[in-house]
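Q: There's a structure below that I have some questions on.
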Amino acid sequence: MNDHVVEAKSVEKKLGRGAGEVHALRGIDLSLRRGELTLLMGPSGSGKTTLLLVLGCMLTPSSGSVTIRGTPTADADKEALARIRREHIGFVFQSYHLFPTLTATQNVQLALDIRGEHGRRAAQKSREALAMVGLEQKMDSLPGELSGGEQQRVAIARALVANPSVVLADEPTGALDGKNGQSIVRILAETAHERERAVLVVTHDPRVVPYADRIVEIEDGLIVQERADRPRMPTPVPFRA
Amino acid sequence: MSLVLTLASRNLFHDRLRFVATMVGVVFSVVLVMIQMGLFLGFGRMVTTMIDHASADLWILPKGAKCFEDPSLLDVKLRDRVATMEGVSWAVPLVIGFSDWRLESGEVTPVFIVSADLRDGSLQPFNVADGNVQALTQGANVAVDRSYFDRLGVSGVGSTAEIRGRKVRVVAVTDGIRSFATTPYVFVDLKNARNYTGTPRDRASSVLVRLKGDADREKVLSAIRAEVGEAEVLTSDDFRSRSRSFWLFGTGAGAALFAGALLGVIVGTVIVAQTLYSSTKDHLNEFATLRAMGSSNAYIYTVIIYQALINAVIGFAIAAGIGSIVVQMTAKSALPIVITPWLMAALFALTVVMCVASGIGAIIRVVRIDPATVFMR
Ligand SMILES: Nc1ncnc2c1ncn2[C@@H]1O[C@H](COP(=O)(O)OP(=O)(O)OP(=O)(O)O)[C@@H](O)[C@H]1O
Ligand SMILES: [Mg+2]
């Protein structure tokens, strides 16, 4: 089987309408591979978030194609795109987007619930996912009772609990200080290397660089540089599953 | 508890003020509908009290008579012809009508005279609380209801008054024979009823017929119909529904009650729709997150519909509590509000439909969310 979990070919994306129209992506070719942590870097407004949303089937390209595990997404309607996201993709965002009225466990469990996995087993799996990101002490806390780093770890557990083949993270450490940011980076690296997922991280954060297998630089909607960073730093032991 | 239900209830209870507003809307509307419909049922029951308590199988009525209180008359000779027919156990003339009651103080008040039949028991005072009904057959004796003591200026058995210039004495007191028209019923014997209402000897308001137990009802019914010519022969059930539809729909009273109920439904739906919509708008970011995570639209509708159902269940429970208090409070009044298990079930169904329909606005709003725009921020 092809190692390319996500493949984008000649992707263009125009955002906005009329005079406000922006050509955010102008012909992108990019593949995400199993077991690989890819960094997407570039100046503000260069189209990183747009690309991540197109790869994650949240936006459809204006032209070009996106293929998820060999299946083209061109003909999918909104509901079918949601289904693709449900089956293959986990998202992590800069501002967490947790449900403030649900506990950490319930937030994670929601990702299983929308996939039709309910009950005790789902709760058990959610607690395991939280333990994996080091939150076994905070299972029943509400997001408001957690630090930013802890909230982001809940969000990562939520993204990982249903075993997606792709994890897309948009500036996951952007709102976090050094120590918290570091642990998030390690979890994401471990996800790629130990759990054999394709992981894409949009970041300005130099702390992530040592863990990356590949760095893609984007400017003004075009990939300007792509380099493989080998040998990478091994994933530290405490975060092994 | 399922996670969807947890999420739905947290969404609802998170904003207490809005939840209270929703409850006020649901409760107000359900109680309003409950009272209107309870009045409808109470009224429907009340207008057939006399028919319910008569032991007749058939009523022979003047052509076109609409209800028990109808003033038209028929030829009393019918009774003698019907009484001897095959399959008939007894046939008894009934005389009813308005009359004047003069209190000892000299004041005059209208009353509604009903002839009591103590021999065959076709219709006689029921719920007797005091005195002796048999005494009605002697002299100028009457039976009245306790609830009209003040109006009639009497204090119980032994009190006296005058009807159309003739002295009458109370010999029996009933409890709870109330007239929705608020004119007190006064039971007297047949002869006196003719005198007090000015009904000629050869006329009667109706003839009550009891069939023999082994009679072929259909056959006897058509034989009687053929015998009485112009006059109408109705079964008790038919007469009940005719009276009911006359009072409820012929008079517009029923339409007014239904209009009130409809208003309640509209007000309730608007309030719940408004609060559900604003709650959904407040949680749009979360719904967008669900959508981004790949949830189907159906899952999101389920959250909103659960919110609607929680509103319905809690609102209905409170409304039912208030309703039962109202029922108790009106039980002894001129027009008791009647709430049957069927009405309760129908009201619950209505509440659920109302709350779920209120969710449509919220659902339409949620379908339009584009998860990407939320994450672009
Ligand atoms: N809804 C929109 N309508 C019009 N233009 C948009 C819209 N969203 C984004 N853009 C524009 O598209 C371009 C790419 O935006 P994008 O958010 O992908 O950049 P980014 O690389 O993620 O930037 P940052 O590092 O600041 O997050 C920018 O010029 C932005 O202004
Ligand atoms: Mg961005």
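All residue names refer to the structure tokens as shown: chains lettered A, B, ... in order, residues numbered from 1 in each chain, ligands numbered from 1 in order.
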Any idea what's packed within 7 Å of Asp140 in chain A, counting only C-alpha atoms, ignoring anything in its chain fewer than 4 positions away? Could you give it as a list in words?

A: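 Result of the neighbour search: Thr103, Ala104 and Thr105 of chain A.
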
Q: So which residues touch range 3-7 of chain A within 7 Å, counting only C-alpha atoms, skipping near sequence neighbours fewer than 5 positions away, as a count of residues only?

A: 10

Q: From the options A:His23, A:Arg153, A:Arg158, A:Lys13, which residue's atoms come nearest to chain B, counting only C-alpha atoms?

A: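 Closest to chain B of all the choices is A:Arg158.
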
Q: Chain B residues within 12 Å of chain A, counting only C-alpha atoms: which ones, as a PyMOL selection string?

A: chain B and resi 1-15+283-303+367-377

Q: Using only C-alpha atoms and all ligand atoms, what are the residues with an atom within 9 Å of ligand 1, set out as a VMD selection string?

A: (chain A and resid 13 to 17 20 to 25 41 to 53 170 to 171 202 to 204 218 to 221) or (chain B and resid 372 to 373 376 to 377)

Q: So which residues of range 24-110 of chain A fall under helix (DSSP H, G or I) by DSSP, listed as a ChimeraX atom specification?

A: /A:48-55,78-88,104-110

Q: Would you return as an MDAnalysis selection string the members of range 71-206 of chain B that DSSP assigns to strand (DSSP E or B) on this structure's backbone?

A: chainID B and resid 74:75 88:94 96:102 108:116 128:131 141:145 160:163 166:174 185:189 203:204 206

Q: For a quick check of understanding, using only C-alpha atoms, which of B:Leu58, B:Val24, B:Val31, B:Glu162 has the smallest distance to Gly321 in chain B?

A: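 Among the listed residues, B:Val31 lies closest to Gly321 in chain B.
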
Q: Skipping near chain neighbours, those fewer than 4 positions away, what residues fall within 6 Å of Lys9 in chain A using only C-alpha atoms, listed as a JSON list (two decimals) with N, CA and C atoms, in the first residue's frame?

A:
```
[["chain", "number", "residue", "atom", "x", "y", "z"],
["A", 29, "ASP", "N", 1.71, 21.11, -4.30],
["A", 29, "ASP", "CA", 1.83, 19.66, -4.35],
["A", 29, "ASP", "C", 2.45, 19.23, -3.04],
["A", 64, "GLY", "N", -7.40, 21.65, -8.64],
["A", 64, "GLY", "CA", -6.47, 20.65, -8.15],
["A", 64, "GLY", "C", -7.23, 19.59, -7.37],
["A", 65, "SER", "N", -6.47, 18.63, -6.79],
["A", 65, "SER", "CA", -7.16, 17.51, -6.15],
["A", 65, "SER", "C", -6.53, 17.17, -4.81]]
```

Q: What's around range 204-220 of chain B at 8 Å? Count only C-alpha atoms, leave out sequence neighbours fewer than 2 positions away in its own chain, and write the answer as JSON, numbers by chain.

A: {"B": [55, 56, 57, 58, 59, 60, 61, 62, 70, 71, 72, 73, 74, 75, 76, 79, 83, 86, 87, 88, 89, 90, 91, 92, 93, 94, 95, 96, 122, 199, 200, 201, 202, 222, 223, 224]}
